[in-house]
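Next comes model-v5.pdb, a file with PDB, C-alpha atoms.
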ATOM      1  CA  MET F   1      97.646 114.220 141.032
ATOM      2  CA  ALA F   2      94.702 116.576 140.827
ATOM      3  CA  GLN F   3      95.172 116.805 137.083
ATOM      4  CA  ALA F   4      95.420 113.024 136.602
ATOM      5  CA  ARG F   5      92.927 111.208 134.382
ATOM      6  CA  PHE F   6      91.531 108.079 135.926
ATOM      7  CA  VAL F   7      90.231 104.873 134.438
ATOM      8  CA  GLU F   8      86.602 105.025 135.574
ATOM      9  CA  ILE F   9      83.157 104.101 134.410
ATOM     10  CA  GLY F  10      82.205 106.671 131.809
ATOM     11  CA  ARG F  11      85.755 107.729 130.881
ATOM     12  CA  VAL F  12      85.887 108.475 127.161
ATOM     13  CA  VAL F  13      88.905 106.819 125.617
ATOM     14  CA  TYR F  14      90.626 106.964 122.252
ATOM     15  CA  ALA F  15      91.651 103.617 120.722
ATOM     16  CA  ASN F  16      95.081 104.121 119.227
ATOM     17  CA  PHE F  17      95.920 100.580 118.259
ATOM     18  CA  GLY F  18      94.152  97.503 116.939
ATOM     19  CA  PRO F  19      91.118  97.052 114.701
ATOM     20  CA  GLU F  20      89.228  99.908 116.408
ATOM     21  CA  SER F  21      92.124 102.337 116.162
ATOM     22  CA  GLY F  22      91.179 105.941 115.556
ATOM     23  CA  LYS F  23      87.804 105.664 117.289
ATOM     24  CA  LEU F  24      86.418 107.081 120.505
ATOM     25  CA  CYS F  25      84.655 104.816 122.971
ATOM     26  CA  VAL F  26      83.540 104.792 126.597
ATOM     27  CA  ILE F  27      84.689 102.589 129.481
ATOM     28  CA  VAL F  28      81.576 100.802 130.639
ATOM     29  CA  ASP F  29      83.180  98.296 133.036
ATOM     30  CA  VAL F  30      86.627  97.147 134.125
ATOM     31  CA  ILE F  31      87.250  93.449 133.583
ATOM     32  CA  ASP F  32      90.625  93.022 135.258
ATOM     33  CA  ALA F  33      93.912  94.834 135.748
ATOM     34  CA  LYS F  34      94.626  94.813 132.053
ATOM     35  CA  ARG F  35      91.268  95.017 130.300
ATOM     36  CA  ALA F  36      88.196  97.168 130.182
ATOM     37  CA  LEU F  37      84.791  96.689 128.640
ATOM     38  CA  VAL F  38      84.337  99.516 126.151
ATOM     39  CA  ASP F  39      81.408 100.632 124.076
ATOM     40  CA  GLY F  40      81.080 103.238 121.351
ATOM     41  CA  PRO F  41      77.636 102.945 119.775
ATOM     42  CA  THR F  42      77.794 106.325 118.058
ATOM     43  CA  THR F  43      81.406 105.940 116.929
ATOM     44  CA  GLY F  44      81.151 102.409 115.541
ATOM     45  CA  VAL F  45      82.784 100.460 118.358
ATOM     46  CA  ILE F  46      80.867  97.330 119.266
ATOM     47  CA  ARG F  47      80.742  96.603 122.992
ATOM     48  CA  GLN F  48      83.901  94.577 123.554
ATOM     49  CA  GLN F  49      86.850  94.038 125.826
ATOM     50  CA  MET F  50      89.879  96.184 125.155
ATOM     51  CA  PRO F  51      93.303  96.077 126.787
ATOM     52  CA  PHE F  52      94.403  99.334 128.428
ATOM     53  CA  SER F  53      97.567  99.186 126.334
ATOM     54  CA  ARG F  54      95.449  99.958 123.274
ATOM     55  CA  ILE F  55      93.723 103.046 124.583
ATOM     56  CA  SER F  56      94.469 106.585 125.655
ATOM     57  CA  LEU F  57      92.349 108.313 128.266
ATOM     58  CA  THR F  58      90.763 111.547 127.121
ATOM     59  CA  GLU F  59      89.724 114.436 129.359
ATOM     60  CA  PHE F  60      86.020 113.624 129.041
ATOM     61  CA  VAL F  61      83.907 111.558 131.459
ATOM     62  CA  LEU F  62      80.281 110.618 130.963
ATOM     63  CA  PRO F  63      77.945 110.196 133.962
ATOM     64  CA  ILE F  64      76.906 106.629 133.088
ATOM     65  CA  LYS F  65      76.351 103.627 135.325
ATOM     66  CA  ARG F  66      78.377 100.407 135.270
ATOM     67  CA  ASN F  67      77.284  98.127 132.398
ATOM     68  CA  GLN F  68      74.928 100.775 131.099
ATOM     69  CA  LYS F  69      72.950  99.719 128.020
ATOM     70  CA  SER F  70      74.434 100.725 124.657
ATOM     71  CA  ALA F  71      71.401 102.845 123.815
ATOM     72  CA  ASN F  72      71.803 104.872 127.003
ATOM     73  CA  VAL F  73      75.548 105.200 126.473
ATOM     74  CA  ALA F  74      74.791 106.580 123.007
ATOM     75  CA  LYS F  75      72.283 109.016 124.479
ATOM     76  CA  SER F  76      74.749 110.291 127.045
ATOM     77  CA  PHE F  77      77.495 110.532 124.401
ATOM     78  CA  ASP F  78      75.351 112.691 122.150
ATOM     79  CA  GLU F  79      73.952 114.807 124.990
ATOM     80  CA  HIS F  80      77.452 115.804 126.081
ATOM     81  CA  GLU F  81      78.545 116.407 122.429
ATOM     82  CA  ILE F  82      81.723 114.436 122.965
ATOM     83  CA  ILE F  83      82.673 114.257 119.287
ATOM     84  CA  LYS F  84      82.409 118.028 118.947
ATOM     85  CA  LYS F  85      84.427 118.585 122.131
ATOM     86  CA  TRP F  86      87.020 116.030 121.054
ATOM     87  CA  ASN F  87      87.525 117.698 117.669
ATOM     88  CA  ALA F  88      88.046 121.030 119.413
ATOM     89  CA  SER F  89      90.382 119.624 122.059
ATOM     90  CA  HIS F  90      94.157 119.718 121.874
ATOM     91  CA  ALA F  91      94.493 115.936 121.610
ATOM     92  CA  GLY F  92      91.740 115.679 119.019
ATOM     93  CA  LYS F  93      93.334 118.328 116.867
ATOM     94  CA  HIS F  94      96.695 116.582 117.144
ATOM     95  CA  VAL F  95      95.177 113.275 115.993
ATOM     96  CA  ALA F  96      93.473 114.975 113.055
ATOM     97  CA  SER F  97      96.656 116.741 111.977
ATOM     98  CA  ALA F  98      98.676 113.514 112.252
ATOM     99  CA  LEU F  99      96.170 111.799 109.938
ATOM    100  CA  ARG F 100      96.383 114.724 107.530
ATOM    101  CA  ARG F 101     100.158 114.609 107.520
ATOM    102  CA  ALA F 102     100.155 110.909 106.740
ATOM    103  CA  SER F 103      97.857 111.453 103.764
ATOM    104  CA  LEU F 104      99.866 114.249 102.133
ATOM    105  CA  THR F 105     100.870 113.682  98.531
ATOM    106  CA  ASP F 106     104.365 114.423  97.232
ATOM    107  CA  PHE F 107     103.313 117.844  95.903
ATOM    108  CA  GLU F 108     101.582 118.736  99.177
ATOM    109  CA  ARG F 109     104.669 117.741 101.121
ATOM    110  CA  PHE F 110     106.695 120.023  98.850
ATOM    111  CA  LYS F 111     104.324 122.948  99.450
ATOM    112  CA  LEU F 112     104.540 122.269 103.200
ATOM    113  CA  MET F 113     108.322 122.359 103.023
ATOM    114  CA  VAL F 114     108.277 125.683 101.156
ATOM    115  CA  ALA F 115     105.838 127.151 103.691
ATOM    116  CA  GLN F 116     107.924 125.964 106.661
ATOM    117  CA  LYS F 117     111.050 127.493 105.163
ATOM    118  CA  LYS F 118     109.261 130.827 104.721
ATOM    119  CA  LYS F 119     107.979 130.690 108.284
ATOM    120  CA  SER F 120     111.360 129.874 109.777
ATOM    121  CA  LEU F 121     112.933 132.709 107.804
ATOM    122  CA  LEU F 122     110.430 135.179 109.255
ATOM    123  CA  VAL F 123     111.001 133.804 112.753
ATOM    124  CA  LYS F 124     114.769 134.132 112.361
ATOM    125  CA  LYS F 125     114.398 137.730 111.192
ATOM    126  CA  GLU F 126     112.371 138.614 114.267
ATOM    127  CA  MET F 127     114.783 136.758 116.546
ATOM    128  CA  LYS F 128     117.660 138.784 115.157
ATOM    129  CA  LYS F 129     115.849 141.972 116.127
ATOM    130  CA  ILE F 130     115.235 140.794 119.662
ATOM    131  CA  LYS F 131     118.622 139.211 120.326
ATOM    132  CA  PRO F 132     121.211 141.637 121.727
ATOM    133  CA  LYS F 133     124.057 142.288 119.340
ATOM    134  CA  HIS F 134     127.400 140.968 120.524
TER     135      HIS F 134
ATOM    136  CA  MET Y   1     101.943  51.247  80.399
ATOM    137  CA  VAL Y   2     105.383  51.808  78.978
ATOM    138  CA  LYS Y   3     106.058  55.273  77.626
ATOM    139  CA  TRP Y   4     106.125  55.589  73.882
ATOM    140  CA  TYR Y   5     109.448  56.872  72.543
ATOM    141  CA  PRO Y   6     109.933  57.727  68.868
ATOM    142  CA  THR Y   7     112.669  55.776  67.083
ATOM    143  CA  GLU Y   8     114.667  58.946  66.431
ATOM    144  CA  ASP Y   9     115.094  61.913  68.746
ATOM    145  CA  VAL Y  10     112.718  64.667  67.730
ATOM    146  CA  GLN Y  11     113.366  68.227  68.905
ATOM    147  CA  LYS Y  12     110.375  69.628  70.698
ATOM    148  CA  VAL Y  13     109.256  72.691  68.742
ATOM    149  CA  ARG Y  14     108.744  75.647  71.061
ATOM    150  CA  VAL Y  15     106.540  78.419  69.777
ATOM    151  CA  LYS Y  16     108.117  81.781  70.504
ATOM    152  CA  ARG Y  17     105.542  84.200  71.838
ATOM    153  CA  ALA Y  18     105.792  87.827  70.848
ATOM    154  CA  ASN Y  19     106.641  90.016  73.833
ATOM    155  CA  LYS Y  20     103.678  92.021  75.004
ATOM    156  CA  PRO Y  21     104.403  95.692  75.615
ATOM    157  CA  ALA Y  22     104.731  96.460  79.323
ATOM    158  CA  ARG Y  23     101.522  97.424  81.066
ATOM    159  CA  LEU Y  24     101.374 101.028  82.219
ATOM    160  CA  ARG Y  25     101.340 100.631  85.983
ATOM    161  CA  GLY Y  26      99.964 102.784  88.756
ATOM    162  CA  GLY Y  27      97.307 104.485  86.682
ATOM    163  CA  VAL Y  28      99.917 106.698  85.055
ATOM    164  CA  SER Y  29      98.585 108.967  82.326
ATOM    165  CA  PRO Y  30     100.204 111.569  80.052
ATOM    166  CA  GLY Y  31     101.107 114.715  81.958
ATOM    167  CA  GLN Y  32     101.672 112.897  85.209
ATOM    168  CA  ILE Y  33     104.734 113.843  87.179
ATOM    169  CA  LEU Y  34     107.109 110.963  87.889
ATOM    170  CA  ILE Y  35     110.099 110.763  90.171
ATOM    171  CA  LEU Y  36     113.162 109.181  88.587
ATOM    172  CA  LEU Y  37     114.830 106.660  90.840
ATOM    173  CA  ALA Y  38     118.107 105.881  89.135
ATOM    174  CA  GLY Y  39     120.738 107.285  86.874
ATOM    175  CA  LYS Y  40     122.185 110.740  86.530
ATOM    176  CA  HIS Y  41     118.819 112.320  87.195
ATOM    177  CA  GLN Y  42     117.816 110.416  90.293
ATOM    178  CA  GLY Y  43     115.339 112.213  92.480
ATOM    179  CA  LYS Y  44     114.262 114.577  89.741
ATOM    180  CA  ARG Y  45     110.614 115.134  89.064
ATOM    181  CA  VAL Y  46     109.756 114.849  85.375
ATOM    182  CA  ALA Y  47     106.711 115.004  83.145
ATOM    183  CA  PHE Y  48     105.529 111.765  81.574
ATOM    184  CA  LEU Y  49     104.676 112.155  77.883
ATOM    185  CA  LYS Y  50     103.798 108.720  76.527
ATOM    186  CA  GLN Y  51     104.722 105.073  76.545
ATOM    187  CA  LEU Y  52     106.856 104.031  73.580
ATOM    188  CA  GLU Y  53     106.447 100.788  71.630
ATOM    189  CA  SER Y  54     109.341  99.215  73.486
ATOM    190  CA  GLY Y  55     107.455  99.700  76.759
ATOM    191  CA  LEU Y  56     109.772 102.429  78.011
ATOM    192  CA  LEU Y  57     108.291 105.699  79.155
ATOM    193  CA  LEU Y  58     109.070 108.910  77.301
ATOM    194  CA  VAL Y  59     109.691 111.728  79.756
ATOM    195  CA  THR Y  60     110.980 115.258  79.630
ATOM    196  CA  GLY Y  61     112.139 117.527  82.499
ATOM    197  CA  PRO Y  62     111.176 119.968  80.948
ATOM    198  CA  TYR Y  63     114.839 120.604  80.176
ATOM    199  CA  LYS Y  64     114.793 124.269  81.206
ATOM    200  CA  LEU Y  65     113.450 123.462  84.638
ATOM    201  CA  ASN Y  66     115.528 120.516  85.754
ATOM    202  CA  GLY Y  67     117.972 119.581  83.018
ATOM    203  CA  VAL Y  68     116.262 116.340  82.078
ATOM    204  CA  PRO Y  69     116.013 116.050  78.272
ATOM    205  CA  LEU Y  70     113.628 113.921  76.220
ATOM    206  CA  LYS Y  71     114.452 110.601  77.736
ATOM    207  CA  ARG Y  72     113.356 106.998  77.773
ATOM    208  CA  VAL Y  73     112.909 105.522  81.219
ATOM    209  CA  PRO Y  74     111.885 102.003  82.284
ATOM    210  CA  GLN Y  75     108.778 102.005  84.447
ATOM    211  CA  ALA Y  76     110.513 100.171  87.266
ATOM    212  CA  TYR Y  77     112.816 103.135  87.814
ATOM    213  CA  THR Y  78     110.028 105.644  88.361
ATOM    214  CA  VAL Y  79     107.588 106.489  91.105
ATOM    215  CA  PRO Y  80     104.373 108.094  89.835
ATOM    216  CA  THR Y  81     103.045 111.034  91.857
ATOM    217  CA  SER Y  82      99.460 112.151  91.916
ATOM    218  CA  THR Y  83     100.237 115.532  90.339
ATOM    219  CA  LYS Y  84      99.477 116.143  86.688
ATOM    220  CA  ILE Y  85     100.364 118.976  84.366
ATOM    221  CA  ASP Y  86      98.835 119.951  81.067
ATOM    222  CA  ILE Y  87     100.864 118.646  78.126
ATOM    223  CA  SER Y  88      98.181 118.925  75.470
ATOM    224  CA  GLY Y  89      99.965 121.891  73.892
ATOM    225  CA  SER Y  90     103.039 119.839  73.156
ATOM    226  CA  ASP Y  91     103.635 117.698  70.068
ATOM    227  CA  PHE Y  92     105.888 114.719  70.676
ATOM    228  CA  SER Y  93     104.343 112.299  68.199
ATOM    229  CA  LYS Y  94     107.558 112.228  66.163
ATOM    230  CA  VAL Y  95     109.570 111.011  69.133
ATOM    231  CA  THR Y  96     109.735 107.220  69.007
ATOM    232  CA  ASP Y  97     112.248 104.523  69.881
ATOM    233  CA  ALA Y  98     113.999 105.172  66.554
ATOM    234  CA  TYR Y  99     114.644 108.779  67.646
ATOM    235  CA  PHE Y 100     116.938 107.461  70.377
ATOM    236  CA  ALA Y 101     118.853 105.007  68.213
ATOM    237  CA  LYS Y 102     122.614 105.481  68.267
ATOM    238  CA  GLU Y 103     124.212 106.457  64.985
ATOM    239  CA  LYS Y 104     126.206 103.537  63.662
ATOM    240  CA  GLU Y 105     129.834 104.298  62.953
ATOM    241  CA  ASN Y 106     131.771 102.452  60.273
ATOM    242  CA  THR Y 107     134.705 101.269  62.322
ATOM    243  CA  LYS Y 108     136.640  98.417  60.867
ATOM    244  CA  LYS Y 109     138.096  96.094  63.409
ATOM    245  CA  THR Y 110     141.698  96.620  62.453
ATOM    246  CA  GLU Y 111     144.794  97.060  64.566
ATOM    247  CA  GLU Y 112     145.247 100.718  63.564
ATOM    248  CA  ALA Y 113     141.699 101.542  64.505
ATOM    249  CA  PHE Y 114     142.171  99.884  67.895
ATOM    250  CA  PHE Y 115     145.281 101.884  68.765
ATOM    251  CA  ALA Y 116     144.113 105.106  67.120
ATOM    252  CA  PRO Y 117     143.381 107.972  69.518
ATOM    253  CA  LYS Y 118     139.723 108.011  70.564
ATOM    254  CA  LYS Y 119     137.521 110.334  68.552
ATOM    255  CA  GLU Y 120     135.933 113.267  70.275
ATOM    256  CA  LYS Y 121     132.339 112.903  71.422
ATOM    257  CA  LYS Y 122     129.890 114.151  68.834
ATOM    258  CA  PRO Y 123     128.081 117.347  69.823
ATOM    259  CA  PHE Y 124     124.383 117.084  70.552
ATOM    260  CA  SER Y 125     122.582 117.423  67.229
ATOM    261  CA  ASP Y 126     120.779 120.661  66.473
ATOM    262  CA  ALA Y 127     117.748 118.767  65.247
ATOM    263  CA  LYS Y 128     117.385 117.143  68.665
ATOM    264  CA  LYS Y 129     117.849 120.473  70.424
ATOM    265  CA  ALA Y 130     115.080 121.912  68.282
ATOM    266  CA  MET Y 131     112.801 118.980  69.038
ATOM    267  CA  GLN Y 132     113.481 119.401  72.766
ATOM    268  CA  LYS Y 133     112.613 123.101  72.580
ATOM    269  CA  SER Y 134     109.411 122.551  70.661
ATOM    270  CA  VAL Y 135     108.202 119.777  72.959
ATOM    271  CA  ASP Y 136     109.033 121.718  76.120
ATOM    272  CA  ALA Y 137     107.534 125.004  74.933
ATOM    273  CA  GLY Y 138     104.078 123.508  74.920
ATOM    274  CA  ILE Y 139     104.513 122.283  78.483
ATOM    275  CA  VAL Y 140     106.340 125.054  80.304
ATOM    276  CA  ASN Y 141     104.049 127.810  79.005
ATOM    277  CA  LYS Y 142     101.013 126.028  80.394
ATOM    278  CA  VAL Y 143     102.437 125.703  83.893
ATOM    279  CA  ALA Y 144     100.847 128.812  85.407
ATOM    280  CA  ASP Y 145     101.611 128.133  89.049
ATOM    281  CA  PRO Y 146     105.173 129.132  90.016
ATOM    282  CA  VAL Y 147     105.014 126.580  92.836
ATOM    283  CA  VAL Y 148     104.603 123.768  90.297
ATOM    284  CA  LYS Y 149     107.645 125.095  88.427
ATOM    285  CA  LYS Y 150     109.610 125.067  91.668
ATOM    286  CA  TYR Y 151     108.301 121.574  92.358
ATOM    287  CA  LEU Y 152     109.680 120.328  89.050
ATOM    288  CA  LYS Y 153     112.981 122.039  89.749
ATOM    289  CA  THR Y 154     113.403 120.437  93.166
ATOM    290  CA  LYS Y 155     114.684 116.919  93.638
ATOM    291  CA  PHE Y 156     112.808 114.403  95.726
ATOM    292  CA  ARG Y 157     114.612 113.674  98.942
ATOM    293  CA  LEU Y 158     114.034 111.359 101.875
ATOM    294  CA  ARG Y 159     114.491 112.906 105.271
ATOM    295  CA  ASN Y 160     114.521 111.600 108.814
ATOM    296  CA  GLY Y 161     111.241 109.968 109.645
ATOM    297  CA  MET Y 162     110.192 109.560 106.004
ATOM    298  CA  PHE Y 163     109.680 105.945 105.105
ATOM    299  CA  PRO Y 164     108.796 105.183 101.466
ATOM    300  CA  HIS Y 165     106.334 102.446 102.361
ATOM    301  CA  THR Y 166     104.234 104.875 104.413
ATOM    302  CA  LEU Y 167     104.458 107.823 102.021
ATOM    303  CA  LYS Y 168     101.649 108.719  99.720
ATOM    304  CA  PHE Y 169     102.834 110.027  96.381
TER     305      PHE Y 169
END
Translate the structure described by the file into structure tokens.
Amino acid sequence: MAQARFVEIGRVVYANFGPESGKLCVIVDVIDAKRALVDGPTTGVIRQQMPFSRISLTEFVLPIKRNQKSANVAKSFDEHEIIKKWNASHAGKHVASALRRASLTDFERFKLMVAQKKKSLLVKKEMKKIKPKH
Amino acid sequence: MVKWYPTEDVQKVRVKRANKPARLRGGVSPGQILILLAGKHQGKRVAFLKQLESGLLLVTGPYKLNGVPLKRVPQAYTVPTSTKIDISGSDFSKVTDAYFAKEKENTKKTEEAFFAPKKEKKPFSDAKKAMQKSVDAGIVNKVADPVVKKYLKTKFRLRNGMFPHTLKF
């Protein structure tokens, strides 16, 4: 439980569904059991209600107050360099690579396949060396 | 008002419009690589040369890479990819719809001809082989990247988790 991420004021969340999908925003207030009031002035999310089913909690929390003004949310967001930290984080990198994968052209997919085959061949070679011979 | 009918039935004259050649869809341009969707060569990636007067697309493998000869393909049976190769060194201006016309055989519809043993298939004409070679030479020599050559050799294949409506070509 110590590692758990909580829904709290200031929690940075990633919208993974709906019209704001793909954007980071901050929980500014909790409306009820199913919805939060989110705001992402620097990431293009207008202050709005968002169901928890549409968002994923990230590891970042901003020290903002409940119903903090958008301008101050933006200030805190930039001060803590959330976008930079997100891009460097494991989840952020995964999101970016998923987007990249979806945008691959046929030729790029072919090159990826060739590269993966090469890689797996090298891995198999090394595995053969390590594995005890029967 | 009562409708006016002529005293004798007059056939309505319908003006026959000339068929417009099919529009080249998907921003396809010469040198683009297409994926064939049907026929013997389904899944193969081929080079698009030009659109013929009939609206069909003229494509070639090139033959050495994937066994697809100079071929006419309807647009509906292709998927254009975003990859292009240089075909400027190849001369295929002589290849038209007439090039693909079947040679007419003088077979009389008689009983003997019907029961006669079927003739052997005619071998592929040398002139066409030469045309294939000359057209392909200009293309294959310009493909510098061995990966592109491999790409043309490999068939397109759907795997688990690949859905055509989400794929970018």
Q) Hey, can you pull every residue with an atom no more than 9 Å from (82.5, 103.4, 117.1), using all atoms listed in the file, and send it as a list in words? A) Glu20, Lys23, Leu24, Cys25, Asp39, Gly40, Pro41, Thr42, Thr43, Gly44, Val45 and Ile46 of chain F
Q.
Expand the PyMOL selection byres ((chain F) within 8 of (chain Y)) into the explicit residue set it covers here, and present it as a PyMOL selection string.
A. chain F and resi 102-107+110-111
Just write the chosen residues, C-alpha atoms, as a compact mmCIF listing (two decimals), keeping the file's coordinate frame.
# COMPACT_ATOMS: atom_id res chain seq x y z
CA ALA F 102 100.16 110.91 106.74
CA SER F 103 97.86 111.45 103.76
CA LEU F 104 99.87 114.25 102.13
CA THR F 105 100.87 113.68 98.53
CA ASP F 106 104.36 114.42 97.23
CA PHE F 107 103.31 117.84 95.90
CA PHE F 110 106.70 120.02 98.85
CA LYS F 111 104.32 122.95 99.45
Q. What gap, in Å, lies between CA of Lys69 (chain F) and CA of Asn16 (chain F)?
A. 24.2 Å
Q: Decode the PyMOL selection byres ((chain F and resi 32) around 12) for the given file into explicit residues and return them as JSON, numbers by chain.
A: {"F": [7, 29, 30, 31, 33, 34, 35, 36, 37, 49, 50, 51, 52]}
**Q.** Reference answer for the PyMOL selection byres ((chain Y and resi 50) around 8), as number ranges by chain
**A.** Y: 29-30, 48-49, 51-52, 57-59
Q: Could you please determine the separation between CA of Thr78 (chain Y) and CA of Ala130 (chain Y) in Å, to one decimal place?
A: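 Those two atoms sit 26.3 Å apart.
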Need the axis-aligned box for region 24-33 of chain F with 8 Å each side, so what are the centre and edges in Å to one decimal, as lines of an AutoDock Vina configuration file?
center_x = 87.7
center_y = 100.1
center_z = 128.1
size_x = 28.3
size_y = 30.1
size_z = 31.2
Q | Pick from Y:Arg72, Y:Arg23, Y:Arg17, Y:Lys64, whichever lies nearest to Ala137 (chain Y) using only C-alpha atoms | A | Y:Lys64
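Closest approach to Ala47 (chain Y) among Y:Pro146, Y:Pro69, Y:Pro74, Y:Gly61 is made by Y:Gly61 (distances from only C-alpha atoms).
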Q | Distance query His80 (chain F) at most 9 Å, all atoms listed in the file, self and fewer than 5 positions along chain excluded, as number ranges by chain | A | F: 62, 75, 85
Q: State, in Å with one decimal place, the distance from CA of Ile27 (chain F) to CA of Asn67 (chain F).
A: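 Spanning CA of Ile27 (chain F) to CA of Asn67 (chain F) is a straight-line distance of 9.1 Å.
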Q) Looking at only C-alpha atoms, which of Y:Val46, Y:Leu158, Y:Leu36, Y:Ala127 is the one that sits closest to Ile139 (chain Y)? A) Y:Val46
Write region 42-56 of chain Y as a CSV table (one decimal), keeping the file's coordinate frame, completed to N, CA, C and O atoms.
chain,number,residue,atom,x,y,z
Y,42,GLN,N,118.6,111.0,89.2
Y,42,GLN,CA,117.8,110.4,90.3
Y,42,GLN,C,117.3,111.5,91.2
Y,42,GLN,O,117.9,112.4,91.6
Y,43,GLY,N,116.0,111.3,91.6
Y,43,GLY,CA,115.3,112.2,92.5
Y,43,GLY,C,114.6,113.3,91.7
Y,43,GLY,O,113.8,114.0,92.4
Y,44,LYS,N,114.9,113.5,90.5
Y,44,LYS,CA,114.3,114.6,89.7
Y,44,LYS,C,112.8,114.2,89.4
Y,44,LYS,O,112.5,113.1,89.1
Y,45,ARG,N,112.0,115.3,89.4
Y,45,ARG,CA,110.6,115.1,89.1
Y,45,ARG,C,110.4,115.5,87.6
Y,45,ARG,O,110.8,116.6,87.2
Y,46,VAL,N,109.9,114.6,86.8
Y,46,VAL,CA,109.8,114.8,85.4
Y,46,VAL,C,108.3,114.6,84.9
Y,46,VAL,O,107.5,114.0,85.6
Y,47,ALA,N,108.0,115.2,83.7
Y,47,ALA,CA,106.7,115.0,83.1
Y,47,ALA,C,106.7,113.8,82.2
Y,47,ALA,O,107.5,113.7,81.3
Y,48,PHE,N,105.7,112.9,82.4
Y,48,PHE,CA,105.5,111.8,81.6
Y,48,PHE,C,104.8,112.1,80.3
Y,48,PHE,O,103.7,112.8,80.4
Y,49,LEU,N,105.3,111.8,79.1
Y,49,LEU,CA,104.7,112.2,77.9
Y,49,LEU,C,103.9,111.0,77.3
Y,49,LEU,O,102.7,111.1,77.1
Y,50,LYS,N,104.5,109.9,77.0
Y,50,LYS,CA,103.8,108.7,76.5
Y,50,LYS,C,104.6,107.5,76.7
Y,50,LYS,O,105.8,107.5,77.0
Y,51,GLN,N,104.0,106.3,76.5
Y,51,GLN,CA,104.7,105.1,76.5
Y,51,GLN,C,105.1,104.7,75.1
Y,51,GLN,O,104.3,104.7,74.2
Y,52,LEU,N,106.4,104.4,74.9
Y,52,LEU,CA,106.9,104.0,73.6
Y,52,LEU,C,106.6,102.6,73.3
Y,52,LEU,O,106.2,101.8,74.2
Y,53,GLU,N,106.8,102.2,72.0
Y,53,GLU,CA,106.4,100.8,71.6
Y,53,GLU,C,107.3,99.8,72.4
Y,53,GLU,O,106.8,98.6,72.6
Y,54,SER,N,108.5,100.2,72.8
Y,54,SER,CA,109.3,99.2,73.5
Y,54,SER,C,108.9,99.0,74.9
Y,54,SER,O,109.4,98.2,75.6
Y,55,GLY,N,107.9,99.8,75.4
Y,55,GLY,CA,107.5,99.7,76.8
Y,55,GLY,C,108.1,100.7,77.7
Y,55,GLY,O,107.6,101.0,78.8
Y,56,LEU,N,109.1,101.4,77.2
Y,56,LEU,CA,109.8,102.4,78.0
Y,56,LEU,C,108.9,103.7,78.0
Y,56,LEU,O,108.1,103.9,77.1
